[in-house]
Amino acid sequence: MINKRLLIKNLLAHTHENSFYDKKRRLELETREGKSKFLKHICALSNANPNNNSYLVVGIEDADNTIVGVDFFDDSRIQNLVNAYLDNPPKILYENIPFPHLPKDKVVGLVTIYNNKAVSCFKKGIHTIYPGTVYRRIGSNSMPYFGKFTIESENTEIVQSIEKNSKNSIQDTLDGVVEFMGNGHLNMNPKYKVFKELFVLCWAGIKKKVKEDVYYSRVDIELISEQIKLFYSAQDEVSIEYNEDRFEITEYISVKINYKRDFFPLEKVSINFFENGNYNIEREVIFKTPNYNKKLLKALFNNCLVLLEKVKQNELLFEHETKEMENIPAIFMMCHLQGFEGALNALWEAKPILKLYPDPAVYQSFKGAIRTLRKLKYESIL
């Protein structure tokens, strides 16, 4: 198995960006321009490497190769974006790779573009890219190509050598387990389990019981044998179940409405381990929009607007108002799901206020709401 952390180090150490790997400070998939830039790099790297994998590393300063990291990105449906815009789309995989020197909520994103024997091109336009455009790699640049394009590979031996030198060892695995059990998880009930005598999985979280149900918050889950962060949440509540073949996480949305906190199942993630040394991850969105009283939601919506205006004007908040700040994103999200016009805009307009609020949990709540809405959007629920 490939140690993905070691693979990233070897890619960065090998050379500057070239025809089999690229690096980015961040991806900006919220905008059409950002999507178009991402897609052109995927297209170009795929066309340059028909016989070997190619890679895009996210969270790297371009000037000096410093590993600075990005937020955890759990959108496995990024493949849907590639399939929607490219003919002969390559299979891609986005993985979150932790590094010891980064903050706990930061990772390096590793996009693997699997070898694809056919020419990839845009089947529909996006931003400034026209349908039918083919991209290729010229050095470290992804450039459009006009004319009949023939794919050729000259990177196979180099990439295979890098991947071979990135294989995991027992020392790497043991170091990873020790690091996880002690790196900020000492008071979070850290555990580990070995699946199929090959896969070492560690997890930690703050355990709490609500009536008869057990939830974990601040959950961190890593597949140590490949140095991949499988799940990270600063706030969301999850339940965990596992047996000898499967590790299952059910993520919940926690919303406080009118002094009552409710938990709604959002997504079930199953990590399945097989005897042949492979594993897969299955995701299923199981969320059903709750039917809150619309008059109550409207009152809470207006109250959130008042609170945000008070913060914006630097007015002093009462104690109960400071407690409500953390729940503003969830209320805006629920209002949006119930069809309230302007609720989504209100959520985005609140971002700069929530980001600068002294309590970091408030902005974490905003990021959690956006993450939830993104998942629902990809499942065509919105």
# chains A, B, ... in the order shown; residues from 1 in each chain; ligands from 1
>>> closest_atom_pairs(of="segment 100-217 of chain A", to="segment 63-66 of chain A", cutoff="12 Å", atoms="only C-alpha atoms", output="CSV")
residue,atom,partner,partner_atom,distance
A:His101,CA,A:Thr66,CA,11.4
A:Leu102,CA,A:Thr66,CA,11.3
A:Val108,CA,A:Thr66,CA,11.1
>>> residues_around(residues="Lys167 of chain A", least_positions_apart="3", cutoff="9 Å", atoms="only C-alpha atoms", output="list in words")
Met1, Ile2, Asn3, Lys4, Leu6, Leu7, Glu163, Lys164 and Glu226 of chain A
>>> closest_atom_pairs(of="segment 134-213 of chain A", to="segment 230-238 of chain A", cutoff="10 Å", atoms="only C-alpha atoms", output="tab-separated table")
residue	atom	partner	partner_atom	distance
A:Leu201	CA	A:Leu230	CA	9.4
A:Cys202	CA	A:Leu230	CA	9.9
A:Trp203	CA	A:Phe231	CA	9.0
A:Ala204	CA	A:Tyr232	CA	9.9
A:Gly205	CA	A:Val238	CA	9.2
A:Ile206	CA	A:Glu237	CA	9.4
A:Lys207	CA	A:Glu237	CA	9.5
A:Lys208	CA	A:Glu237	CA	9.4
>>> closest_residue(among="A:Leu93, A:Ile60, A:Leu223, A:Ile228", to="Lys193 of chain A", atoms="only C-alpha atoms")
A:Leu223
>>> select_by_dssp(residues="segment 42-134 of chain A", states="helix (DSSP H, G or I)", output="count of residues only")
15
>>> residues_around(residues="Tyr357 of chain A", least_positions_apart="4", cutoff="12 Å", atoms="only C-alpha atoms", output="list in words")
Leu308, Lys310, Val311, Lys312, Asn314, Thr322, Met325, Glu326, Ala350, Lys351, Pro352, Ile353, Ala361, Val362, Tyr363, Gln364, Ser365 and Phe366 of chain A
>>> write_last_selection(atoms="N, CA and C atoms", output="mmCIF file, in the first residue's frame")
data_model
loop_
_atom_site.group_PDB
_atom_site.id
_atom_site.type_symbol
_atom_site.label_atom_id
_atom_site.label_comp_id
_atom_site.auth_asym_id
_atom_site.auth_seq_id
_atom_site.Cartn_x
_atom_site.Cartn_y
_atom_site.Cartn_z
ATOM 1 N N LEU A 308 -27.049 39.596 14.169
ATOM 2 C CA LEU A 308 -25.926 39.897 13.275
ATOM 3 C C LEU A 308 -25.723 41.399 13.127
ATOM 4 N N LYS A 310 -26.440 43.630 15.399
ATOM 5 C CA LYS A 310 -25.861 44.110 16.653
ATOM 6 C C LYS A 310 -24.349 43.850 16.689
ATOM 7 N N VAL A 311 -23.945 42.669 16.225
ATOM 8 C CA VAL A 311 -22.515 42.352 16.189
ATOM 9 C C VAL A 311 -21.809 43.278 15.205
ATOM 10 N N LYS A 312 -22.436 43.502 14.073
ATOM 11 C CA LYS A 312 -21.853 44.372 13.052
ATOM 12 C C LYS A 312 -21.643 45.783 13.574
ATOM 13 N N ASN A 314 -21.070 46.502 16.638
ATOM 14 C CA ASN A 314 -20.263 46.405 17.866
ATOM 15 C C ASN A 314 -21.073 46.675 19.131
ATOM 16 N N THR A 322 -25.313 35.651 23.115
ATOM 17 C CA THR A 322 -24.008 35.077 22.755
ATOM 18 C C THR A 322 -24.123 33.565 22.542
ATOM 19 N N MET A 325 -25.498 32.802 18.992
ATOM 20 C CA MET A 325 -24.666 33.101 17.825
ATOM 21 C C MET A 325 -24.220 31.823 17.096
ATOM 22 N N GLU A 326 -23.875 30.809 17.860
ATOM 23 C CA GLU A 326 -23.375 29.578 17.261
ATOM 24 C C GLU A 326 -24.438 28.868 16.428
ATOM 25 N N ALA A 350 -23.629 36.554 6.082
ATOM 26 C CA ALA A 350 -23.204 36.512 7.487
ATOM 27 C C ALA A 350 -21.767 36.027 7.645
ATOM 28 N N LYS A 351 -21.199 35.449 6.594
ATOM 29 C CA LYS A 351 -19.872 34.825 6.701
ATOM 30 C C LYS A 351 -18.815 35.756 7.296
ATOM 31 N N PRO A 352 -18.623 36.985 6.766
ATOM 32 C CA PRO A 352 -17.537 37.821 7.330
ATOM 33 C C PRO A 352 -17.764 38.183 8.793
ATOM 34 N N ILE A 353 -19.009 38.312 9.200
ATOM 35 C CA ILE A 353 -19.306 38.631 10.608
ATOM 36 C C ILE A 353 -18.985 37.433 11.491
ATOM 37 N N ALA A 361 -16.035 28.699 17.569
ATOM 38 C CA ALA A 361 -17.090 27.711 17.318
ATOM 39 C C ALA A 361 -18.190 28.284 16.427
ATOM 40 N N VAL A 362 -18.352 29.600 16.443
ATOM 41 C CA VAL A 362 -19.384 30.245 15.625
ATOM 42 C C VAL A 362 -19.061 30.083 14.145
ATOM 43 N N TYR A 363 -17.808 30.333 13.767
ATOM 44 C CA TYR A 363 -17.437 30.192 12.361
ATOM 45 C C TYR A 363 -17.372 28.717 11.959
ATOM 46 N N GLN A 364 -16.989 27.856 12.880
ATOM 47 C CA GLN A 364 -17.028 26.423 12.605
ATOM 48 C C GLN A 364 -18.452 25.983 12.288
ATOM 49 N N SER A 365 -19.407 26.562 12.975
ATOM 50 C CA SER A 365 -20.811 26.250 12.707
ATOM 51 C C SER A 365 -21.209 26.673 11.298
ATOM 52 N N PHE A 366 -20.703 27.832 10.862
ATOM 53 C CA PHE A 366 -20.970 28.285 9.487
ATOM 54 C C PHE A 366 -20.394 27.287 8.480
#
>>> residues_around(residues="segment 113-122 of chain A", least_positions_apart="2", cutoff="10 Å", atoms="only C-alpha atoms", output="VMD selection string")
chain A and resid 20 to 21 39 to 40 42 to 56 82 to 94 110 to 111 124 to 126 129 to 136 144 149 to 152
>>> closest_residue(among="A:Gln160, A:Phe287, A:Asn183, A:Phe199", to="Pro103 of chain A", atoms="only C-alpha atoms")
A:Asn183
>>> residues_around(residues="Ile281 of chain A", least_positions_apart="2", cutoff="10 Å", atoms="only C-alpha atoms", output="list in words")
Ser76, Leu230, Arg246, Phe247, Glu248, Val269, Ser270, Ile271, Asn272, Phe273, Tyr279 and Arg283 of chain A
>>> atom_distance(atom1="atom CA of Phe264 of chain A", atom2="atom CA of Glu251 of chain A")
8.5 Å
